[in-house]
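As stored in structure_26.cif (mmCIF, C-alpha atoms and all ligand atoms):
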```
data_query
#
loop_
_atom_site.label_atom_id
_atom_site.label_comp_id
_atom_site.auth_asym_id
_atom_site.auth_seq_id
_atom_site.Cartn_x
_atom_site.Cartn_y
_atom_site.Cartn_z
CA MET O 29 74.98 -37.44 61.03
CA THR O 30 72.85 -40.57 60.86
CA THR O 31 75.18 -42.04 58.24
CA ALA O 32 78.33 -41.63 60.41
CA PRO O 33 79.58 -44.91 61.86
CA ARG O 34 78.34 -45.69 65.35
CA PRO O 35 79.56 -48.14 68.00
CA THR O 36 77.38 -51.25 67.89
CA ILE O 37 76.23 -53.75 70.49
CA ASP O 38 78.39 -56.47 68.95
CA SER O 39 81.53 -54.36 69.41
CA VAL O 40 81.14 -53.99 73.18
CA ASP O 41 82.00 -56.55 75.89
CA VAL O 42 78.78 -57.20 77.78
CA ALA O 43 79.82 -60.21 79.91
CA GLY O 44 78.82 -59.61 83.52
CA ARG O 45 77.33 -56.22 82.66
CA THR O 46 73.75 -55.00 82.59
CA VAL O 47 72.76 -53.43 79.29
CA LEU O 48 69.95 -50.88 79.35
CA VAL O 49 68.26 -51.36 75.98
CA ARG O 50 65.73 -48.90 74.55
CA VAL O 51 63.46 -51.05 72.39
CA ASP O 52 60.33 -50.13 70.45
CA PHE O 53 57.61 -52.40 71.82
CA ASN O 54 54.86 -49.97 70.82
CA VAL O 55 52.78 -52.79 69.31
CA PRO O 56 49.11 -52.70 68.27
CA LEU O 57 46.83 -54.23 70.92
CA ALA O 58 43.16 -55.18 70.67
CA ALA O 59 41.34 -56.27 73.85
CA GLY O 60 44.72 -56.87 75.54
CA LYS O 61 46.01 -59.08 72.70
CA ILE O 62 48.96 -58.20 70.46
CA THR O 63 47.71 -58.05 66.86
CA ASP O 64 51.15 -57.63 65.24
CA ASP O 65 54.31 -58.73 67.06
CA SER O 66 56.81 -57.66 64.34
CA ARG O 67 58.43 -55.06 66.58
CA ILE O 68 59.02 -57.62 69.34
CA VAL O 69 60.41 -60.13 66.85
CA ALA O 70 62.65 -57.42 65.40
CA ALA O 71 64.25 -56.71 68.81
CA VAL O 72 65.19 -60.35 69.48
CA PRO O 73 68.59 -60.40 67.66
CA THR O 74 69.96 -57.59 69.85
CA ILE O 75 68.61 -59.15 73.06
CA ARG O 76 70.00 -62.57 72.15
CA SER O 77 73.37 -61.08 71.27
CA ILE O 78 73.56 -59.70 74.84
CA LEU O 79 72.24 -62.79 76.62
CA ASP O 80 74.39 -65.21 74.61
CA ARG O 81 77.49 -63.29 75.73
CA ASP O 82 76.50 -63.46 79.44
CA GLY O 83 75.13 -59.95 79.65
CA ALA O 84 71.89 -59.03 81.40
CA CYS O 85 69.13 -56.99 79.66
CA VAL O 86 67.02 -54.25 81.18
CA LEU O 87 64.59 -53.36 78.41
CA MET O 88 62.63 -50.13 78.29
CA SER O 89 59.86 -49.02 75.91
CA HIS O 90 56.78 -46.91 75.59
CA LEU O 91 53.38 -48.32 74.58
CA GLY O 92 50.56 -46.16 73.25
CA ARG O 93 49.63 -42.84 74.78
CA PRO O 94 48.80 -43.17 78.47
CA ALA O 95 48.14 -39.93 80.36
CA GLY O 96 51.57 -39.85 82.03
CA THR O 97 50.07 -39.77 85.51
CA GLY O 98 50.80 -43.36 86.57
CA TYR O 99 49.91 -46.98 85.84
CA GLU O 100 47.07 -47.76 83.40
CA ALA O 101 46.35 -51.47 82.96
CA ASN O 102 45.40 -51.18 79.28
CA PHE O 103 48.84 -49.70 78.45
CA SER O 104 50.79 -52.26 80.48
CA LEU O 105 53.74 -54.01 78.81
CA GLN O 106 52.80 -57.33 80.54
CA PRO O 107 51.40 -58.94 77.32
CA VAL O 108 54.57 -57.87 75.49
CA GLY O 109 56.71 -59.45 78.23
CA ALA O 110 54.76 -62.70 77.85
CA ARG O 111 55.26 -62.75 74.07
CA LEU O 112 58.96 -61.91 74.40
CA ALA O 113 59.41 -64.75 76.91
CA GLU O 114 57.93 -67.16 74.32
CA LEU O 115 60.25 -65.86 71.61
CA LEU O 116 63.36 -66.03 73.82
CA GLY O 117 62.45 -69.28 75.52
CA ARG O 118 63.31 -67.82 78.93
CA PRO O 119 61.52 -65.78 81.60
CA VAL O 120 60.95 -62.05 81.19
CA VAL O 121 60.13 -60.17 84.40
CA VAL O 122 57.90 -57.07 84.11
CA PRO O 123 58.08 -55.63 87.62
CA GLY O 124 55.94 -53.05 89.40
CA GLU O 125 53.66 -50.42 87.96
CA GLY O 126 56.27 -47.98 86.65
CA SER O 127 59.74 -47.84 85.14
CA VAL O 128 61.49 -46.33 88.16
CA ASP O 129 59.52 -47.52 91.20
CA ASP O 130 60.85 -49.70 94.06
CA ALA O 131 59.75 -52.94 92.40
CA ALA O 132 61.58 -52.02 89.19
CA ALA O 133 64.73 -51.06 91.10
CA ALA O 134 64.64 -54.32 93.09
CA ALA O 135 64.19 -56.44 89.94
CA VAL O 136 67.10 -54.68 88.24
CA ALA O 137 69.29 -55.10 91.32
CA ALA O 138 68.57 -58.85 91.34
CA ILE O 139 69.30 -59.44 87.64
CA GLY O 140 72.13 -61.76 86.58
CA PRO O 141 73.84 -62.83 83.32
CA GLY O 142 71.39 -64.16 80.74
CA GLU O 143 68.38 -62.65 82.52
CA VAL O 144 65.82 -60.15 81.24
CA VAL O 145 63.79 -57.43 82.95
CA LEU O 146 61.29 -55.42 80.90
CA LEU O 147 60.46 -52.15 82.67
CA GLU O 148 56.84 -51.01 82.66
CA ASN O 149 55.68 -48.41 80.11
CA LEU O 150 58.00 -45.38 80.18
CA ARG O 151 55.04 -43.14 79.40
CA PHE O 152 53.42 -43.88 82.76
CA HIS O 153 55.83 -41.13 83.85
CA ALA O 154 55.41 -37.55 82.58
CA GLY O 155 59.22 -37.30 82.63
CA GLU O 156 59.56 -39.49 79.51
CA LYS O 157 57.86 -37.08 77.08
CA LYS O 158 59.34 -34.07 78.91
CA ALA O 159 62.89 -35.45 78.58
CA ASP O 160 63.21 -34.93 82.34
CA ALA O 161 66.78 -35.19 83.67
CA ASP O 162 65.85 -36.74 87.07
CA PHE O 163 63.73 -39.43 85.42
CA ALA O 164 66.57 -40.10 82.97
CA ALA O 165 69.13 -40.32 85.81
CA ALA O 166 67.00 -42.93 87.58
CA LEU O 167 66.86 -45.03 84.40
CA ALA O 168 70.56 -44.50 83.65
CA ALA O 169 71.44 -46.02 87.05
CA TYR O 170 69.98 -49.36 85.87
CA GLY O 171 72.76 -50.23 83.40
CA GLN O 172 76.46 -50.06 82.63
CA VAL O 173 75.93 -49.99 78.87
CA TYR O 174 73.26 -48.07 76.91
CA CYS O 175 71.94 -49.70 73.74
CA GLN O 176 69.62 -47.90 71.36
CA ASP O 177 67.45 -50.27 69.31
CA ALA O 178 64.16 -48.34 69.12
CA PHE O 179 64.26 -47.19 65.52
CA GLY O 180 60.51 -46.46 65.62
CA ALA O 181 61.10 -43.77 68.27
CA ALA O 182 64.53 -42.52 67.15
CA HIS O 183 63.04 -39.37 65.59
CA ARG O 184 61.87 -38.30 69.06
CA GLY O 185 63.82 -36.55 71.80
CA ASP O 186 62.17 -38.33 74.76
CA ALA O 187 64.09 -38.99 78.01
CA SER O 188 64.89 -42.62 77.19
CA MET O 189 66.15 -41.66 73.72
CA VAL O 190 68.40 -38.69 74.53
CA ALA O 191 68.58 -37.75 78.23
CA VAL O 192 69.42 -41.33 79.33
CA PRO O 193 72.39 -41.71 76.93
CA ASP O 194 73.45 -38.17 77.91
CA ALA O 195 73.41 -39.24 81.58
CA MET O 196 75.54 -42.30 80.66
CA SER O 197 78.26 -40.39 78.84
CA ASP O 198 81.00 -42.32 80.71
CA SER O 199 79.56 -45.69 79.61
CA PRO O 200 79.47 -47.32 76.16
CA ARG O 201 76.45 -46.03 74.21
CA VAL O 202 75.82 -48.27 71.25
CA ALA O 203 73.37 -49.06 68.46
CA GLY O 204 71.46 -52.34 68.48
CA ARG O 205 71.19 -54.62 65.47
CA LEU O 206 67.72 -53.45 64.43
CA LEU O 207 68.71 -49.78 64.56
CA GLU O 208 71.80 -50.54 62.48
CA ALA O 209 69.78 -52.45 59.87
CA GLU O 210 67.16 -49.69 59.63
CA LEU O 211 69.77 -46.97 59.25
CA LYS O 212 71.77 -48.98 56.76
CA TYR O 213 68.83 -49.55 54.44
CA LEU O 214 67.20 -46.16 54.74
CA ALA O 215 70.38 -44.06 54.79
CA ASP O 216 72.16 -46.04 52.07
CA ALA O 217 69.10 -45.96 49.83
CA ILE O 218 69.08 -42.19 49.96
CA GLU O 219 72.80 -41.41 50.13
CA SER O 220 74.23 -43.90 47.66
CA PRO O 221 71.42 -45.55 45.69
CA ALA O 222 71.87 -47.97 42.82
CA ARG O 223 69.96 -46.43 39.89
CA PRO O 224 67.31 -46.16 38.64
CA PHE O 225 66.16 -44.96 42.07
CA VAL O 226 62.35 -44.79 42.42
CA ALA O 227 60.40 -43.49 45.42
CA VAL O 228 56.71 -44.34 45.76
CA LEU O 229 54.62 -42.14 48.05
CA GLY O 230 50.97 -42.55 48.92
CA GLY O 231 48.54 -42.34 51.80
CA ALA O 232 45.93 -39.84 52.79
CA LYS O 233 47.77 -36.63 53.54
CA ILE O 234 50.21 -34.69 51.43
CA SER O 235 50.91 -32.41 54.40
CA ASP O 236 52.78 -35.30 56.11
CA LYS O 237 54.98 -35.86 53.09
CA LEU O 238 55.88 -32.40 51.78
CA GLY O 239 59.30 -32.58 53.48
CA THR O 240 59.88 -35.99 51.92
CA ILE O 241 58.96 -34.79 48.44
CA ARG O 242 61.29 -31.79 48.78
CA HIS O 243 64.16 -33.94 50.03
CA LEU O 244 63.73 -36.62 47.37
CA ALA O 245 63.38 -34.15 44.47
CA GLY O 246 66.65 -34.25 42.55
CA ARG O 247 67.75 -37.40 44.43
CA VAL O 248 65.38 -39.97 42.92
CA ASP O 249 65.06 -40.65 39.21
CA THR O 250 61.28 -41.10 39.44
CA LEU O 251 58.90 -39.95 42.16
CA VAL O 252 55.65 -41.90 41.98
CA VAL O 253 52.72 -40.40 43.90
CA GLY O 254 49.48 -42.32 44.45
CA GLY O 255 46.91 -42.53 47.25
CA ALA O 256 44.58 -39.73 48.20
CA MET O 257 47.52 -37.31 48.39
CA ALA O 258 47.64 -37.32 44.58
CA PHE O 259 44.26 -35.50 44.52
CA THR O 260 45.68 -32.42 46.19
CA LEU O 261 48.41 -32.32 43.50
CA LEU O 262 45.83 -32.84 40.72
CA ARG O 263 43.66 -30.05 42.11
CA ALA O 264 46.73 -27.79 42.00
CA MET O 265 47.05 -28.75 38.32
CA GLY O 266 43.47 -27.62 37.70
CA HIS O 267 41.67 -30.98 37.67
CA VAL O 268 38.32 -31.69 39.31
CA VAL O 269 38.36 -34.69 41.66
CA GLY O 270 34.72 -35.10 42.75
CA ARG O 271 34.40 -35.97 46.43
CA SER O 272 37.89 -37.52 46.65
CA LEU O 273 39.96 -36.67 49.73
CA VAL O 274 41.70 -33.33 49.22
CA GLU O 275 43.61 -31.11 51.65
CA GLU O 276 42.14 -27.80 50.51
CA ALA O 277 44.60 -25.77 52.60
CA MET O 278 47.54 -27.46 50.87
CA ILE O 279 46.55 -26.88 47.22
CA GLU O 280 48.71 -23.78 46.75
CA GLU O 281 51.75 -25.43 48.33
CA ALA O 282 51.10 -28.55 46.24
CA GLY O 283 51.36 -26.37 43.11
CA GLU O 284 54.68 -24.98 44.32
CA ILE O 285 56.02 -28.41 45.07
CA ILE O 286 55.14 -29.67 41.58
CA LYS O 287 57.16 -26.77 40.13
CA ALA O 288 60.02 -27.48 42.56
CA VAL O 289 60.17 -31.15 41.49
CA GLU O 290 59.93 -30.24 37.81
CA ALA O 291 62.93 -27.92 38.23
CA THR O 292 65.06 -30.95 39.17
CA SER O 293 66.11 -34.05 37.22
CA THR O 294 63.35 -36.07 38.97
CA ARG O 295 60.41 -37.30 36.88
CA LEU O 296 57.10 -36.91 38.74
CA LEU O 297 54.75 -39.79 37.92
CA LEU O 298 51.12 -39.15 38.93
CA PRO O 299 48.09 -41.39 38.36
CA THR O 300 46.27 -40.96 35.04
CA ASP O 301 43.18 -42.89 36.13
CA PHE O 302 41.31 -43.98 39.27
CA VAL O 303 38.91 -46.61 40.55
CA CYS O 304 35.94 -44.52 41.70
CA ALA O 305 32.81 -45.19 43.72
CA ALA O 306 29.99 -43.26 45.36
CA ALA O 307 31.14 -44.25 48.87
CA PRO O 308 34.20 -45.81 50.55
CA GLU O 309 32.43 -49.09 51.27
CA ALA O 310 32.83 -52.77 50.44
CA GLY O 311 30.53 -54.03 47.69
CA VAL O 312 29.80 -50.62 46.09
CA ALA O 313 29.67 -50.34 42.30
CA THR O 314 32.96 -49.03 40.90
CA THR O 315 33.86 -47.21 37.71
CA THR O 316 37.16 -46.12 36.17
CA CYS O 317 37.68 -42.36 35.77
CA GLY O 318 40.46 -40.35 34.19
CA ARG O 319 42.24 -37.48 35.94
CA ASP O 320 38.98 -35.55 36.16
CA ILE O 321 36.43 -37.14 38.48
CA GLU O 322 32.97 -35.69 38.02
CA GLY O 323 30.05 -35.24 40.40
CA ASP O 324 29.78 -37.12 43.65
CA LEU O 325 32.28 -39.89 42.86
CA MET O 326 35.37 -40.50 44.99
CA GLY O 327 38.69 -41.84 43.72
CA LEU O 328 39.50 -44.74 46.05
CA ASP O 329 42.39 -46.44 44.25
CA ILE O 330 44.65 -45.86 41.27
CA GLY O 331 43.18 -47.18 38.02
CA PRO O 332 44.49 -49.90 35.65
CA GLU O 333 46.52 -47.55 33.41
CA SER O 334 48.23 -46.06 36.49
CA VAL O 335 48.84 -49.53 37.91
CA ALA O 336 50.63 -50.46 34.68
CA SER O 337 52.80 -47.33 34.58
CA PHE O 338 53.63 -47.40 38.31
CA ALA O 339 54.45 -51.12 38.22
CA ALA O 340 56.70 -50.65 35.18
CA ALA O 341 58.64 -47.85 36.90
CA VAL O 342 59.06 -49.90 40.09
CA ARG O 343 59.88 -53.18 38.37
CA GLY O 344 62.76 -51.64 36.44
CA ALA O 345 64.31 -49.92 39.47
CA LYS O 346 67.52 -50.89 41.24
CA THR O 347 66.50 -49.01 44.43
CA VAL O 348 62.90 -48.50 45.56
CA VAL O 349 61.62 -46.84 48.73
CA TRP O 350 57.90 -46.91 49.39
CA ASN O 351 55.81 -45.08 51.96
CA GLY O 352 52.02 -44.90 51.84
CA PRO O 353 49.29 -47.04 50.26
CA MET O 354 47.99 -46.33 46.73
CA GLY O 355 44.35 -46.39 47.80
CA LEU O 356 41.87 -47.35 50.48
CA PHE O 357 43.66 -50.71 50.77
CA GLU O 358 41.70 -51.78 53.88
CA ILE O 359 38.58 -52.31 51.72
CA PRO O 360 38.85 -54.58 48.64
CA PRO O 361 38.77 -53.99 45.70
CA PHE O 362 40.53 -50.72 46.56
CA ASP O 363 43.66 -52.66 47.55
CA THR O 364 44.52 -53.49 43.90
CA GLY O 365 46.94 -50.58 43.35
CA THR O 366 48.74 -51.19 46.66
CA LEU O 367 49.03 -54.90 45.86
CA ALA O 368 50.36 -54.15 42.38
CA VAL O 369 53.07 -51.82 43.75
CA ALA O 370 54.04 -54.45 46.34
CA GLN O 371 54.24 -57.11 43.65
CA ALA O 372 56.31 -54.90 41.33
CA MET O 373 58.66 -54.24 44.25
CA ILE O 374 59.03 -57.95 44.86
CA GLU O 375 59.97 -58.34 41.18
CA ALA O 376 62.51 -55.52 41.59
CA THR O 377 64.00 -57.41 44.58
CA GLU O 378 64.18 -60.60 42.51
CA GLY O 379 65.98 -58.62 39.80
CA GLY O 380 68.71 -57.65 42.27
CA GLY O 381 67.24 -54.32 43.40
CA ILE O 382 67.21 -52.96 46.95
CA THR O 383 63.61 -52.47 48.09
CA VAL O 384 62.66 -50.71 51.30
CA VAL O 385 59.12 -50.50 52.69
CA GLY O 386 58.45 -47.65 55.13
CA GLY O 387 56.86 -48.51 58.47
CA GLY O 388 53.41 -47.62 59.78
CA ASP O 389 50.53 -48.03 57.36
CA THR O 390 52.68 -49.31 54.53
CA ALA O 391 54.25 -52.09 56.60
CA ALA O 392 50.76 -52.91 57.95
CA ALA O 393 49.46 -53.06 54.36
CA VAL O 394 52.11 -55.51 53.19
CA ASN O 395 51.63 -57.59 56.35
CA ASP O 396 47.84 -57.62 55.89
CA LEU O 397 48.22 -58.59 52.26
CA GLY O 398 50.56 -61.44 53.29
CA LEU O 399 53.45 -59.95 51.31
CA ALA O 400 55.99 -59.03 54.01
CA VAL O 401 58.59 -61.36 52.53
CA GLY O 402 60.15 -60.42 49.21
CA PHE O 403 61.51 -57.00 50.13
CA SER O 404 65.08 -56.16 51.12
CA HIS O 405 63.77 -54.44 54.25
CA VAL O 406 60.43 -53.65 55.89
CA SER O 407 60.92 -50.81 58.36
CA THR O 408 59.53 -50.99 61.90
CA GLY O 409 59.18 -47.21 62.13
CA GLY O 410 56.47 -45.12 60.40
CA GLY O 411 57.36 -41.59 61.54
CA ALA O 412 61.03 -42.49 61.86
CA SER O 413 61.34 -43.87 58.32
CA LEU O 414 59.57 -40.79 56.97
CA ARG O 415 61.99 -38.58 58.93
CA MET O 416 64.90 -40.42 57.28
CA LEU O 417 63.33 -39.89 53.84
CA GLU O 418 63.00 -36.16 54.59
CA GLY O 419 66.64 -35.97 55.70
CA GLY O 420 65.46 -34.65 59.09
CA PRO O 421 67.11 -34.99 62.52
CA MET O 422 67.16 -38.33 64.40
CA PRO O 423 67.88 -37.32 68.02
CA GLY O 424 67.93 -40.92 69.28
CA VAL O 425 70.71 -41.76 66.83
CA GLU O 426 72.68 -38.57 67.24
CA ALA O 427 72.75 -39.12 71.06
CA LEU O 428 75.00 -42.15 70.51
CA GLY O 429 77.90 -40.18 69.07
CA THR O 430 80.28 -41.63 66.49
CA VAL O 431 83.29 -43.93 66.53
P1 LIG O 501 48.64 -41.99 55.70
O1 LIG O 501 48.42 -42.17 57.17
O2 LIG O 501 48.67 -40.57 55.26
O3 LIG O 501 49.82 -42.80 55.19
O4 LIG O 501 47.35 -42.59 54.99
C1 LIG O 501 47.01 -43.95 55.03
C2 LIG O 501 45.54 -44.07 54.79
O5 LIG O 501 45.22 -43.46 53.56
C3 LIG O 501 45.05 -45.49 54.68
O6 LIG O 501 44.16 -45.75 55.74
C4 LIG O 501 44.33 -45.54 53.33
O7 LIG O 501 43.11 -46.22 53.38
C5 LIG O 501 44.08 -44.08 53.05
N1 LIG O 501 43.92 -43.78 51.62
C6 LIG O 501 44.84 -43.90 50.66
N2 LIG O 501 44.32 -43.55 49.47
C7 LIG O 501 43.02 -43.22 49.69
C8 LIG O 501 41.97 -42.77 48.84
N3 LIG O 501 42.15 -42.62 47.54
N4 LIG O 501 40.80 -42.47 49.43
C9 LIG O 501 40.62 -42.64 50.75
N5 LIG O 501 41.58 -43.06 51.60
C10 LIG O 501 42.77 -43.35 51.07
#
```
Would you give me this structure, written as structure tokens?
Amino acid sequence: MTTAPRPTIDSVDVAGRTVLVRVDFNVPLAAGKITDDSRIVAAVPTIRSILDRDGACVLMSHLGRPAGTGYEANFSLQPVGARLAELLGRPVVVPGEGSVDDAAAAAVAAIGPGEVVLLENLRFHAGEKKADADFAAALAAYGQVYCQDAFGAAHRGDASMVAVPDAMSDSPRVAGRLLEAELKYLADAIESPARPFVAVLGGAKISDKLGTIRHLAGRVDTLVVGGAMAFTLLRAMGHVVGRSLVEEAMIEEAGEIIKAVEATSTRLLLPTDFVCAAAPEAGVATTTCGRDIEGDLMGLDIGPESVASFAAAVRGAKTVVWNGPMGLFEIPPFDTGTLAVAQAMIEATEGGGITVVGGGDTAAAVNDLGLAVGFSHVSTGGGASLRMLEGGPMPGVEALGTV
């Protein structure tokens, strides 16, 4: 369904019309300051495409997890509106204390071609998470065109993602440029990859990625698994892993999944060594261990032999998708494996390969390491990109229908 062609924002006449755009402005904030504006930057092409053609934009987004009982200053979209105004070089009005209050309605009624209103946080209303039809109808009344550009939320069935486009079934309901780009890279990589096709999975929890492993088995040529999730697989294979992170409750299922992958054409590549330490802290003494980690040590990154084999697999690939860091990348030197995978992916890109970095922690890791350039695509959606890799439903995309 997600691979079927959709109507896009550039195919619809927006002149003199108000476009209700669902964007993903769920950005990280610290003390009221935006610490990573990539999601705002990523929404600009769609917004500009509307404004440049004399349309008006009413933008809607969620931010964080407010209680859903009304306005909360620390979840306000005001700082996002200020940053967006800088990026667009024109004013962005963030009216009122809710998405559907009198101030919001008045601002939307006053909007003209080339103007932008950003509604306050959708999650100030309980109706957003509950996919409430009345809440959706109030939002739907704000525009004559619905545009979906919130890839990071497209795996959810919230009001603004599904009930609003449902309520606008007589209006054009189109995909924005970011959504199109995300779907193109993630769907194409999985449906029609250039080979060799390599997937790299990492991160803390195997339980989050079982669906992904099952879906990729038989589709990818090599499945590389690093990060703490590898320890649950190694335990299932009978290894001892010291005090490394393990999901005890998942060991049996991990054993089944290894057998399931081995029954396909996919080669499963697991670490053969680890960088270990007594504690997950900066400045601790480290030692290299093999697949068995004795005593009180913890495996905190993949070791040099694994770095070499993972990098070789990635470097030689024509399609690479990556989700999840190889180790405790926030604390050097345990970022070495993650850096090495990122660098091998950049080499794969330079060799003509298509390289896709999943959102969430992995995108944060490449941003933190200053490596965000050099990939074909860095996704803005953590959960959403994982859902695509598992072949799961994307309600926010399916609500748009097909052309
Ligand atoms: P996830 O949310 O499952 O993608 O996990 C990401 C987190 O896993 C990051 O914060 C990493 O620091 C952490 N992580 C990855 N490998 C390890 C490891 N070997 N030991 C401890 N934490 C790890």
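Counting all atoms listed in the file and comparing O:Pro33, O:Pro360, O:Pro200, O:Gly246, the residue that lies closest to ligand LIG 501 (chain O) is O:Pro360.
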Nearest to ligand LIG 501 (chain O): which of O:Gly327, O:Pro361, O:Gly419, O:Gly117 is it, counting all atoms listed in the file?
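Smallest distance to ligand LIG 501 (chain O) is found for O:Gly327.
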Using only C-alpha atoms, can you list as a short mmCIF file (atom, residue, chain, number, x, y, z; two decimals) with C-alpha atoms, keeping the file's coordinate frame the residues within 8 Å of (53.1, -47.2, 48.2)?
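Result file follows (point_5.cif):
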```
data_model
loop_
_atom_site.label_atom_id
_atom_site.label_comp_id
_atom_site.auth_asym_id
_atom_site.auth_seq_id
_atom_site.Cartn_x
_atom_site.Cartn_y
_atom_site.Cartn_z
CA VAL O 228 56.71 -44.34 45.76
CA LEU O 229 54.62 -42.14 48.05
CA GLY O 230 50.97 -42.55 48.92
CA GLY O 231 48.54 -42.34 51.80
CA GLY O 254 49.48 -42.32 44.45
CA GLY O 255 46.91 -42.53 47.25
CA TRP O 350 57.90 -46.91 49.39
CA ASN O 351 55.81 -45.08 51.96
CA GLY O 352 52.02 -44.90 51.84
CA PRO O 353 49.29 -47.04 50.26
CA MET O 354 47.99 -46.33 46.73
CA THR O 366 48.74 -51.19 46.66
CA VAL O 369 53.07 -51.82 43.75
CA ALA O 370 54.04 -54.45 46.34
CA THR O 390 52.68 -49.31 54.53
#
```
Which residues are near ligand LIG 501 (chain O) - at most 9 Å, using only C-alpha atoms and all ligand atoms? Format: as an MDAnalysis selection string.
chainID O and resid 229:237 254:259 272:273 302:304 308 326:330 351:359 362:363 388:390 393 410
If you keep C-alpha atoms, can you produce a file of those selected residues as a compact mmCIF listing (two decimals), in the frame of the given file?
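To be explicit, this is the file written out as result_4.txt:
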```txt
# COMPACT_ATOMS: atom_id res chain seq x y z
CA LEU O 229 54.62 -42.14 48.05
CA GLY O 230 50.97 -42.55 48.92
CA GLY O 231 48.54 -42.34 51.80
CA ALA O 232 45.93 -39.84 52.79
CA LYS O 233 47.77 -36.63 53.54
CA ILE O 234 50.21 -34.69 51.43
CA SER O 235 50.91 -32.41 54.40
CA ASP O 236 52.78 -35.30 56.11
CA LYS O 237 54.98 -35.86 53.09
CA GLY O 254 49.48 -42.32 44.45
CA GLY O 255 46.91 -42.53 47.25
CA ALA O 256 44.58 -39.73 48.20
CA MET O 257 47.52 -37.31 48.39
CA ALA O 258 47.64 -37.32 44.58
CA PHE O 259 44.26 -35.50 44.52
CA SER O 272 37.89 -37.52 46.65
CA LEU O 273 39.96 -36.67 49.73
CA PHE O 302 41.31 -43.98 39.27
CA VAL O 303 38.91 -46.61 40.55
CA CYS O 304 35.94 -44.52 41.70
CA PRO O 308 34.20 -45.81 50.55
CA MET O 326 35.37 -40.50 44.99
CA GLY O 327 38.69 -41.84 43.72
CA LEU O 328 39.50 -44.74 46.05
CA ASP O 329 42.39 -46.44 44.25
CA ILE O 330 44.65 -45.86 41.27
CA ASN O 351 55.81 -45.08 51.96
CA GLY O 352 52.02 -44.90 51.84
CA PRO O 353 49.29 -47.04 50.26
CA MET O 354 47.99 -46.33 46.73
CA GLY O 355 44.35 -46.39 47.80
CA LEU O 356 41.87 -47.35 50.48
CA PHE O 357 43.66 -50.71 50.77
CA GLU O 358 41.70 -51.78 53.88
CA ILE O 359 38.58 -52.31 51.72
CA PHE O 362 40.53 -50.72 46.56
CA ASP O 363 43.66 -52.66 47.55
CA GLY O 388 53.41 -47.62 59.78
CA ASP O 389 50.53 -48.03 57.36
CA THR O 390 52.68 -49.31 54.53
CA ALA O 393 49.46 -53.06 54.36
CA GLY O 410 56.47 -45.12 60.40
```
Neighbour list for Pro421 of chain O as a PDB file with C-alpha atoms, keeping the file's coordinate frame, cut-off 12 Å, only C-alpha atoms, skip fewer than 2 positions in-chain:
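out-v8.pdb written:
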```pdb
ATOM      1  CA  MET O  29      74.980 -37.440  61.030  1.00  0.00           C
ATOM      2  CA  THR O  30      72.850 -40.570  60.860  1.00  0.00           C
ATOM      3  CA  THR O  31      75.180 -42.040  58.240  1.00  0.00           C
ATOM      4  CA  ALA O 182      64.530 -42.520  67.150  1.00  0.00           C
ATOM      5  CA  HIS O 183      63.040 -39.370  65.590  1.00  0.00           C
ATOM      6  CA  ARG O 184      61.870 -38.300  69.060  1.00  0.00           C
ATOM      7  CA  GLY O 185      63.820 -36.550  71.800  1.00  0.00           C
ATOM      8  CA  GLY O 411      57.360 -41.590  61.540  1.00  0.00           C
ATOM      9  CA  ALA O 412      61.030 -42.490  61.860  1.00  0.00           C
ATOM     10  CA  SER O 413      61.340 -43.870  58.320  1.00  0.00           C
ATOM     11  CA  LEU O 414      59.570 -40.790  56.970  1.00  0.00           C
ATOM     12  CA  ARG O 415      61.990 -38.580  58.930  1.00  0.00           C
ATOM     13  CA  MET O 416      64.900 -40.420  57.280  1.00  0.00           C
ATOM     14  CA  LEU O 417      63.330 -39.890  53.840  1.00  0.00           C
ATOM     15  CA  GLU O 418      63.000 -36.160  54.590  1.00  0.00           C
ATOM     16  CA  GLY O 419      66.640 -35.970  55.700  1.00  0.00           C
ATOM     17  CA  PRO O 423      67.880 -37.320  68.020  1.00  0.00           C
ATOM     18  CA  GLY O 424      67.930 -40.920  69.280  1.00  0.00           C
ATOM     19  CA  VAL O 425      70.710 -41.760  66.830  1.00  0.00           C
ATOM     20  CA  GLU O 426      72.680 -38.570  67.240  1.00  0.00           C
ATOM     21  CA  ALA O 427      72.750 -39.120  71.060  1.00  0.00           C
TER      22      ALA O 427
END
```
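Each of O:Arg223, O:His90, O:Arg242, O:Lys346 was compared to Glu148 of chain O using only C-alpha atoms, and O:His90 turns out to be the nearest.
Note that atom CA of Asn102 of chain O and atom CA of Ala133 of chain O are 22.7 Å apart.
Nearest residue to Ile37 of chain O, choosing from O:Pro221, O:Gly386, O:Pro73, O:Gly171 and counting only C-alpha atoms: O:Pro73.
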Looking at O:Ile285, O:Ala195, O:Ala178, O:Ala400, which one is nearest to Met422 of chain O, with distances taken over all atoms listed in the file?
O:Ala178
Measuring atom to atom with only C-alpha atoms, identify which of O:Ala84, O:Ala191, O:Leu146, O:Ala368 is nearest to Ala43 of chain O.
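Ranking O:Ala84, O:Ala191, O:Leu146, O:Ala368 by distance to Ala43 of chain O, first place goes to O:Ala84.
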Skip segment 154-156 of chain O itself and residues of its chain fewer than 5 positions away, then list as a count of residues only all residues within 10 Å of it, counting all atoms listed in the file.
17
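Omitting Leu116 of chain O and its sequence neighbours fewer than 5 positions away, and counting all atoms listed in the file, the residues within 10 Å are Val69, Val72, Pro73, Ile75, Arg76, Leu79, Arg111 and Val144 of chain O.
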Could you work out how far atom CA of Arg67 of chain O lies from atom CA of Met88 of chain O, giving the answer in Å with one decimal?
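Distance reported for this atom pair: 13.4 Å.
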